[in-house]
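Enquirer: My structure file entry_21.pdb, PDB, C-alpha atoms and all ligand atoms, is below:
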```
ATOM      1  CA  MET A  21       0.838 -14.255  18.761
ATOM      2  CA  LYS A  22      -0.381 -11.798  21.370
ATOM      3  CA  GLU A  23      -1.630  -9.163  18.956
ATOM      4  CA  LEU A  24      -3.865 -11.640  17.115
ATOM      5  CA  GLU A  25      -5.186 -13.167  20.349
ATOM      6  CA  GLU A  26      -6.050  -9.707  21.686
ATOM      7  CA  ARG A  27      -7.829  -8.829  18.461
ATOM      8  CA  ILE A  28      -9.835 -12.053  18.559
ATOM      9  CA  ARG A  29     -10.798 -11.343  22.165
ATOM     10  CA  ARG A  30     -11.851  -7.821  21.269
ATOM     11  CA  ASP A  31     -13.597  -8.304  17.919
ATOM     12  CA  GLY A  32     -14.234 -12.036  17.459
ATOM     13  CA  ILE A  33     -17.812 -13.266  17.758
ATOM     14  CA  VAL A  34     -18.598 -16.875  18.651
ATOM     15  CA  GLU A  35     -21.441 -18.306  16.583
ATOM     16  CA  ASP A  36     -23.205 -21.658  16.974
ATOM     17  CA  GLY A  37     -20.654 -22.895  19.501
ATOM     18  CA  ASP A  38     -17.877 -23.767  17.076
ATOM     19  CA  VAL A  39     -17.701 -21.007  14.459
ATOM     20  CA  LEU A  40     -15.699 -17.882  15.185
ATOM     21  CA  LYS A  41     -16.691 -14.816  13.199
ATOM     22  CA  VAL A  42     -13.708 -12.561  12.503
ATOM     23  CA  ASP A  43     -15.033 -10.728   9.487
ATOM     24  CA  SER A  44     -14.272  -7.270  10.899
ATOM     25  CA  PHE A  45     -10.501  -7.823  10.613
ATOM     26  CA  LEU A  46      -9.566 -11.162   9.010
ATOM     27  CA  ASN A  47     -11.788 -12.437   6.245
ATOM     28  CA  HIS A  48     -14.158  -9.730   5.032
ATOM     29  CA  GLN A  49     -12.849  -6.358   6.179
ATOM     30  CA  MET A  50      -9.097  -6.986   6.381
ATOM     31  CA  ASP A  51      -6.618  -5.359   8.755
ATOM     32  CA  VAL A  52      -3.530  -5.501   6.582
ATOM     33  CA  GLU A  53      -1.266  -4.096   9.316
ATOM     34  CA  LEU A  54      -2.235  -7.112  11.397
ATOM     35  CA  PHE A  55      -1.618  -9.332   8.336
ATOM     36  CA  ARG A  56       1.852  -7.795   8.032
ATOM     37  CA  ALA A  57       2.623  -8.643  11.670
ATOM     38  CA  MET A  58       1.373 -12.189  11.035
ATOM     39  CA  GLY A  59       3.539 -12.461   7.924
ATOM     40  CA  ARG A  60       6.582 -11.310   9.888
ATOM     41  CA  GLU A  61       5.925 -13.920  12.555
ATOM     42  CA  TRP A  62       5.725 -16.743   9.983
ATOM     43  CA  ALA A  63       8.847 -15.395   8.284
ATOM     44  CA  ARG A  64      10.626 -15.566  11.660
ATOM     45  CA  LEU A  65       9.321 -19.076  12.394
ATOM     46  CA  PHE A  66      10.202 -20.445   8.958
ATOM     47  CA  ALA A  67      13.494 -18.545   8.543
ATOM     48  CA  GLY A  68      16.143 -20.565   6.712
ATOM     49  CA  GLU A  69      13.614 -23.003   5.236
ATOM     50  CA  ARG A  70      14.163 -21.768   1.660
ATOM     51  CA  ILE A  71      10.438 -21.357   1.003
ATOM     52  CA  ASN A  72      10.004 -20.293  -2.611
ATOM     53  CA  LYS A  73       6.212 -20.185  -2.911
ATOM     54  CA  ILE A  74       3.100 -19.802  -0.793
ATOM     55  CA  LEU A  75       0.062 -21.958  -1.546
ATOM     56  CA  THR A  76      -3.334 -20.985  -0.191
ATOM     57  CA  ILE A  77      -6.984 -21.682  -0.936
ATOM     58  CA  GLU A  78      -9.733 -19.443  -2.218
ATOM     59  CA  ALA A  79     -11.060 -17.219  -0.789
ATOM     60  CA  SER A  80     -10.201 -16.187   2.763
ATOM     61  CA  GLY A  81      -6.583 -17.328   2.645
ATOM     62  CA  ILE A  82      -5.656 -15.098  -0.283
ATOM     63  CA  GLY A  83      -5.329 -11.725   1.451
ATOM     64  CA  ILE A  84      -3.333 -13.145   4.352
ATOM     65  CA  ALA A  85      -1.088 -15.113   1.998
ATOM     66  CA  CYS A  86      -0.385 -12.081  -0.211
ATOM     67  CA  VAL A  87       0.741  -9.899   2.687
ATOM     68  CA  ALA A  88       2.825 -12.755   4.134
ATOM     69  CA  ALA A  89       4.387 -13.279   0.705
ATOM     70  CA  LEU A  90       5.819  -9.751   0.833
ATOM     71  CA  GLU A  91       7.757 -10.770   3.958
ATOM     72  CA  PHE A  92       9.069 -13.931   2.268
ATOM     73  CA  GLY A  93       9.651 -12.279  -1.114
ATOM     74  CA  VAL A  94       7.919 -15.132  -2.945
ATOM     75  CA  PRO A  95       4.844 -15.536  -5.195
ATOM     76  CA  VAL A  96       1.450 -16.788  -4.038
ATOM     77  CA  VAL A  97      -0.571 -19.468  -5.770
ATOM     78  CA  PHE A  98      -4.164 -19.903  -4.674
ATOM     79  CA  ALA A  99      -6.042 -23.127  -5.212
ATOM     80  CA  LYS A 100      -9.280 -22.284  -7.018
ATOM     81  CA  LYS A 101     -12.704 -23.604  -6.232
ATOM     82  CA  SER A 102     -13.726 -24.787  -9.688
ATOM     83  CA  ARG A 103     -17.172 -23.850 -10.926
ATOM     84  CA  THR A 104     -17.038 -26.289 -13.805
ATOM     85  CA  ARG A 105     -17.437 -30.030 -13.472
ATOM     86  CA  ASN A 106     -15.317 -30.430 -16.572
ATOM     87  CA  ILE A 107     -11.872 -30.659 -14.990
ATOM     88  CA  THR A 108      -9.114 -30.958 -17.569
ATOM     89  CA  GLY A 109      -5.792 -32.743 -17.393
ATOM     90  CA  ASP A 110      -3.685 -29.617 -17.054
ATOM     91  CA  VAL A 111      -4.655 -29.099 -13.420
ATOM     92  CA  TYR A 112      -4.105 -30.891 -10.135
ATOM     93  CA  HIS A 113      -7.492 -31.589  -8.559
ATOM     94  CA  VAL A 114      -8.765 -32.451  -5.116
ATOM     95  CA  GLN A 115     -12.165 -32.490  -3.426
ATOM     96  CA  VAL A 116     -12.438 -30.509  -0.207
ATOM     97  CA  PRO A 117     -15.422 -30.644   2.148
ATOM     98  CA  SER A 118     -16.339 -27.138   3.311
ATOM     99  CA  PHE A 119     -16.467 -26.476   7.049
ATOM    100  CA  THR A 120     -18.582 -23.358   6.796
ATOM    101  CA  HIS A 121     -20.923 -24.122   3.891
ATOM    102  CA  GLY A 122     -21.245 -27.896   4.019
ATOM    103  CA  GLY A 123     -20.928 -29.697   0.674
ATOM    104  CA  VAL A 124     -17.763 -30.456  -1.240
ATOM    105  CA  SER A 125     -15.737 -28.164  -3.500
ATOM    106  CA  ASP A 126     -13.642 -29.222  -6.481
ATOM    107  CA  VAL A 127     -10.363 -27.435  -5.930
ATOM    108  CA  ILE A 128      -7.781 -27.065  -8.677
ATOM    109  CA  VAL A 129      -4.325 -25.641  -9.339
ATOM    110  CA  SER A 130      -2.760 -25.349 -12.772
ATOM    111  CA  LYS A 131       0.120 -27.779 -13.226
ATOM    112  CA  ARG A 132       2.164 -24.803 -14.456
ATOM    113  CA  PHE A 133       2.244 -23.239 -10.997
ATOM    114  CA  LEU A 134       3.224 -26.168  -8.737
ATOM    115  CA  LEU A 135       6.570 -27.781  -9.495
ATOM    116  CA  PRO A 136       8.572 -30.670  -8.010
ATOM    117  CA  THR A 137      11.285 -28.154  -7.079
ATOM    118  CA  ASP A 138       8.892 -26.044  -4.995
ATOM    119  CA  ARG A 139       9.331 -25.656  -1.236
ATOM    120  CA  LEU A 140       5.884 -24.565  -0.152
ATOM    121  CA  LEU A 141       4.421 -22.750   2.795
ATOM    122  CA  LEU A 142       0.677 -23.437   3.015
ATOM    123  CA  ILE A 143      -1.391 -20.597   4.454
ATOM    124  CA  ASP A 144      -5.004 -20.409   5.570
ATOM    125  CA  ASP A 145      -7.131 -18.320   7.888
ATOM    126  CA  PHE A 146      -8.596 -21.185   9.966
ATOM    127  CA  LEU A 147      -7.778 -24.756  10.880
ATOM    128  CA  ALA A 148     -10.836 -26.684  12.074
ATOM    129  CA  ASN A 149     -11.227 -30.292  10.860
ATOM    130  CA  GLY A 150      -8.203 -30.022   8.601
ATOM    131  CA  ALA A 151      -9.909 -30.658   5.260
ATOM    132  CA  ALA A 152      -8.684 -27.449   3.608
ATOM    133  CA  LEU A 153      -5.093 -28.027   4.715
ATOM    134  CA  GLU A 154      -5.209 -31.694   3.719
ATOM    135  CA  GLY A 155      -6.518 -30.615   0.307
ATOM    136  CA  LEU A 156      -3.563 -28.269  -0.151
ATOM    137  CA  THR A 157      -1.130 -30.972   1.016
ATOM    138  CA  ASP A 158      -2.667 -33.365  -1.490
ATOM    139  CA  LEU A 159      -2.226 -30.866  -4.360
ATOM    140  CA  ALA A 160       1.418 -30.354  -3.336
ATOM    141  CA  GLU A 161       1.962 -34.128  -3.270
ATOM    142  CA  GLN A 162       0.443 -34.529  -6.743
ATOM    143  CA  ALA A 163       2.995 -31.992  -7.996
ATOM    144  CA  GLY A 164       5.860 -33.673  -6.155
ATOM    145  CA  ALA A 165       6.482 -30.400  -4.294
ATOM    146  CA  THR A 166       7.828 -30.225  -0.733
ATOM    147  CA  VAL A 167       5.537 -28.908   1.999
ATOM    148  CA  VAL A 168       7.822 -27.084   4.420
ATOM    149  CA  GLY A 169       4.942 -26.284   6.734
ATOM    150  CA  ALA A 170       1.653 -24.519   7.250
ATOM    151  CA  GLY A 171       0.967 -21.062   8.617
ATOM    152  CA  ILE A 172      -2.494 -20.787  10.111
ATOM    153  CA  ALA A 173      -4.011 -17.637  11.576
ATOM    154  CA  VAL A 174      -6.548 -19.266  13.910
ATOM    155  CA  GLU A 175      -6.477 -22.912  14.934
ATOM    156  CA  LYS A 176      -9.506 -24.201  16.818
ATOM    157  CA  ALA A 177      -7.520 -26.714  18.831
ATOM    158  CA  PHE A 178     -10.697 -28.326  20.199
ATOM    159  CA  GLN A 179     -11.400 -29.595  16.676
ATOM    160  CA  PRO A 180      -9.365 -32.475  15.211
ATOM    161  CA  GLY A 181      -7.617 -30.833  12.224
ATOM    162  CA  GLY A 182      -4.411 -29.733  13.931
ATOM    163  CA  GLU A 183      -3.730 -33.157  15.374
ATOM    164  CA  ARG A 184      -4.601 -34.887  12.093
ATOM    165  CA  VAL A 185      -2.332 -32.744   9.963
ATOM    166  CA  ARG A 186       0.570 -32.787  12.449
ATOM    167  CA  ALA A 187       0.268 -36.589  12.671
ATOM    168  CA  LYS A 188       1.063 -36.661   8.952
ATOM    169  CA  GLY A 189       4.347 -34.916   9.697
ATOM    170  CA  VAL A 190       3.385 -31.413   8.566
ATOM    171  CA  ARG A 191       4.798 -28.602  10.692
ATOM    172  CA  VAL A 192       1.829 -26.390  11.586
ATOM    173  CA  GLU A 193       2.445 -22.927  13.037
ATOM    174  CA  SER A 194      -0.815 -21.407  14.231
ATOM    175  CA  LEU A 195      -0.626 -17.830  15.483
ATOM    176  CA  ALA A 196      -3.664 -18.165  17.750
ATOM    177  CA  ARG A 197      -4.780 -21.504  19.151
ATOM    178  CA  ILE A 198      -8.218 -21.617  20.710
ATOM    179  CA  LYS A 199      -8.705 -24.206  23.423
ATOM    180  CA  SER A 200     -12.389 -23.595  23.931
ATOM    181  CA  MET A 201     -15.204 -21.262  22.920
ATOM    182  CA  ALA A 202     -17.846 -22.801  25.162
ATOM    183  CA  SER A 203     -20.716 -20.446  26.007
ATOM    184  CA  GLY A 204     -19.124 -17.721  23.903
ATOM    185  CA  GLN A 205     -16.016 -17.429  26.110
ATOM    186  CA  ILE A 206     -12.810 -17.679  24.108
ATOM    187  CA  GLU A 207      -9.923 -19.441  25.869
ATOM    188  CA  PHE A 208      -6.517 -19.732  24.201
ATOM    189  CA  CYS A 209      -4.114 -22.683  24.599
TER     190      CYS A 209
HETATM  191  P1  LIG B   1     -11.281 -27.180   7.914
HETATM  192  O1  LIG B   1     -11.129 -27.532   6.481
HETATM  193  O2  LIG B   1      -9.978 -27.202   8.686
HETATM  194  O3  LIG B   1     -12.371 -27.937   8.612
HETATM  195  O4  LIG B   1     -11.775 -25.683   7.953
HETATM  196  C1  LIG B   1     -10.967 -24.660   7.458
HETATM  197  C2  LIG B   1     -11.713 -23.755   6.531
HETATM  198  O5  LIG B   1     -13.044 -23.530   6.972
HETATM  199  C3  LIG B   1     -11.018 -22.415   6.496
HETATM  200  O6  LIG B   1     -10.529 -22.226   5.184
HETATM  201  C4  LIG B   1     -12.079 -21.396   6.846
HETATM  202  O7  LIG B   1     -12.421 -20.656   5.704
HETATM  203  C5  LIG B   1     -13.283 -22.174   7.305
HETATM  204  N1  LIG B   1     -13.501 -22.123   8.771
HETATM  205  C6  LIG B   1     -13.359 -23.153   9.644
HETATM  206  N2  LIG B   1     -13.717 -22.794  10.874
HETATM  207  C7  LIG B   1     -14.058 -21.494  10.802
HETATM  208  C8  LIG B   1     -14.513 -20.535  11.781
HETATM  209  O8  LIG B   1     -14.683 -20.808  12.982
HETATM  210  N3  LIG B   1     -14.761 -19.284  11.334
HETATM  211  C9  LIG B   1     -14.589 -18.915  10.021
HETATM  212  N4  LIG B   1     -14.853 -17.657   9.709
HETATM  213  N5  LIG B   1     -14.177 -19.793   9.071
HETATM  214  C10 LIG B   1     -13.908 -21.055   9.465
END
```
Please lay out the structure from this file as C-alpha cells.
Ligand code: 5GP

Expert:
Amino acid sequence: MKELEERIRRDGIVEDGDVLKVDSFLNHQMDVELFRAMGREWARLFAGERINKILTIEASGIGIACVAALEFGVPVVFAKKSRTRNITGDVYHVQVPSFTHGGVSDVIVSKRFLLPTDRLLLIDDFLANGAALEGLTDLAEQAGATVVGAGIAVEKAFQPGGERVRAKGVRVESLARIKSMASGQIEFC
C-alpha cells in the first residue's frame, strides 16, 4: 500500500539493523486516518470472506484492529498478555516469544470470545519471525475457529515469519513488505 510505504520512508527509523521504529504514526502516536485507509485495504482484499471477528494481540495490534473492525463491521478480540502465572481453564492459552523484549509471554483469550463458528481475520502491526501470528493461529485452532487470513501492517520480508506462516496455509496480506533495511536504507519488495 503506497500510502503506508511512503509514511515508513518518511517517518520510520531503522534501529539495530532489524528493528523499525514507527512510533510516530503506528504504535505509540497513532495516525487513525492512515489506520482507516489500511482497514479499507484489508476489507477490499478480504471482501466476500464472511469474516465475523478480528483477533489481535496486545498491545500494538489493538488500535489498528479497532479501526479496521469499523470497515468490516465486526467486533475485535485482543489476546491478553497474562500477568498471572495462575492460568485457569476458562481461557485458551499459548506462549509467545517476544521479538522486541526477548522473553516469553503467556497469552490468553477467554473461551467465551472465540467460537468454533468464528471466521477470523488476525491483525498485527509487524510480522518478523512469526511468533505473534503463530500464537494467534494456535489460539484460533484451540477454539476450533477458522482463520480466514492475516492482515499485517509491516512485514519484514527478510525475516522468516512470513514464509513460515504462509507455509502453514495462512493467507497473509501485508500492506508494506520490507525487503531490506541494511545500513538504515529501507527497500520495499
Ligand atoms: P514476530 O512475533 O513476528 O517475531 O514479531 C512480531 C511482533 O514483534 C509484533 O507484534 C511487534 O509488536 C513486534 N515487532 C517485530 N518487529 C518489529 C519492528 O521492527 N518494530 C517494532 N516496532 N515492533 C516489531

Enquirer: Do you know which residues are at most 10 Å from Asp138 of chain A counting only C-alpha atoms, after dropping those on the same chain fewer than 4 positions away, and could you put them as a list in words?

Expert: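 Neighbouring residues, sequence-local ones excluded: Arg70, Ile71, Asn72, Lys73, Ile74, Phe133, Leu134, Ala160, Ala163, Gly164, Ala165, Thr166, Val167 and Val168 of chain A.
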
Enquirer: Filtering to C-alpha atoms, could you give me those residues as a compact mmCIF listing (two decimals), keeping the file's coordinate frame?

Expert:
```txt
# COMPACT_ATOMS: atom_id res chain seq x y z
CA ARG A 70 14.16 -21.77 1.66
CA ILE A 71 10.44 -21.36 1.00
CA ASN A 72 10.00 -20.29 -2.61
CA LYS A 73 6.21 -20.18 -2.91
CA ILE A 74 3.10 -19.80 -0.79
CA PHE A 133 2.24 -23.24 -11.00
CA LEU A 134 3.22 -26.17 -8.74
CA ALA A 160 1.42 -30.35 -3.34
CA ALA A 163 3.00 -31.99 -8.00
CA GLY A 164 5.86 -33.67 -6.16
CA ALA A 165 6.48 -30.40 -4.29
CA THR A 166 7.83 -30.22 -0.73
CA VAL A 167 5.54 -28.91 2.00
CA VAL A 168 7.82 -27.08 4.42
```

Enquirer: I'd like to see the residues matched by the PyMOL selection byres (((not hetatm)) within 6 of (chain B and resi 1)) on this file, and ideally I'd get them as an NGL selection string.

Expert: :A and (38-42 or 80 or 119-120 or 144-152 or 181)

Enquirer: As a PDB file with C-alpha atoms, in the coordinates of the input, please: the residues near Thr104 of chain A (cut-off 12 Å, all atoms listed in the file, same-chain neighbours under 2 positions excluded).

Expert:
```
ATOM      1  CA  LYS A 100      -9.280 -22.284  -7.018  1.00  0.00           C
ATOM      2  CA  LYS A 101     -12.704 -23.604  -6.232  1.00  0.00           C
ATOM      3  CA  SER A 102     -13.726 -24.787  -9.688  1.00  0.00           C
ATOM      4  CA  ASN A 106     -15.317 -30.430 -16.572  1.00  0.00           C
ATOM      5  CA  ILE A 107     -11.872 -30.659 -14.990  1.00  0.00           C
ATOM      6  CA  THR A 108      -9.114 -30.958 -17.569  1.00  0.00           C
ATOM      7  CA  SER A 125     -15.737 -28.164  -3.500  1.00  0.00           C
ATOM      8  CA  ASP A 126     -13.642 -29.222  -6.481  1.00  0.00           C
ATOM      9  CA  VAL A 127     -10.363 -27.435  -5.930  1.00  0.00           C
ATOM     10  CA  ILE A 128      -7.781 -27.065  -8.677  1.00  0.00           C
TER      11      ILE A 128
END
```

Enquirer: I need the output of the PyMOL selection byres (((chain A and resi 193-197) around 9) and not hetatm) for this file as a list in words; which residues are they?

Expert: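 Applying the expression gives Met21, Lys22, Leu24, Glu25, Ile28, Met58, Glu61, Trp62, Leu65, Phe146, Leu147, Gly169, Ala170, Gly171, Ile172, Ala173, Val174, Glu175, Lys176, Ala177, Arg191, Val192, Ile198, Lys199, Glu207, Phe208 and Cys209 of chain A.
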
Enquirer: Just want the 6 Å neighbourhood of Leu75 of chain A, counted on all atoms listed in the file, with same-chain residues fewer than 4 positions away dropped. Output as a list in words.

Expert: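 Contacts, with the query itself left out: Val96, Val97, Phe98 and Leu142 of chain A.
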
Enquirer: Tell me, in Å to one decimal, how far atom CA of Arg103 of chain A is from atom CA of Thr157 of chain A.

Expert: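 A separation of 21.2 Å between them.
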
Enquirer: Can you tell me, as a PyMOL selection string, what residues are no more than 10 Å from Gly109 of chain A when counting all atoms listed in the file, ignoring any on the same chain fewer than 3 positions away?

Expert: chain A and resi 106+112-113+130-131

Enquirer: Give the centre and edge lengths of an axis-aligned box, in Å to one decimal, that holds all listed atoms of segment 140-150 of chain A with 5 Å on each side, as JSON.

Expert:
```
{"center_x": -2.7, "center_y": -24.3, "center_z": 6.0, "size_x": 27.1, "size_y": 22.0, "size_z": 22.2}
```

Enquirer: Convert the output of the PyMOL selection byres (((chain A and resi 33) around 12) and not hetatm) on the shown file into explicit residues, formatted as number ranges by chain.

Expert: A: 27-32, 34-45, 201, 203-206

Enquirer: Pick out the closest residue to Val87 of chain A from this set: A:Glu23, A:Glu183, A:Glu154, A:Glu53. Count all atoms listed in the file.

Expert: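 Using all atoms listed in the file, the shortest distance to Val87 of chain A belongs to A:Glu53.
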
Enquirer: Interatomic distance between atom CA of Ile84 of chain A and atom CA of Phe66 of chain A?

Expert: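 Rounded to one decimal, the two atoms are 16.1 Å apart.
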
Enquirer: Record the distance separating atom CA of Lys188 of chain A and atom CA of Asp158 of chain A, expressed in Å with one decimal.

Expert: 11.6 Å

Enquirer: Using only C-alpha atoms, pick whichever of A:Gln162, A:Gln49, A:Ser200, A:Ser118 has the shortest atom-to-atom distance to Gln179 of chain A.

Expert: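 So, comparing all the options, the nearest one is A:Ser200.
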
Enquirer: Please determine, counting all atoms listed in the file, which residue among A:Ile77, A:Leu54, A:Ala85, A:Ala202 has the shortest atom-to-atom distance to Phe178 of chain A.

Expert: A:Ala202
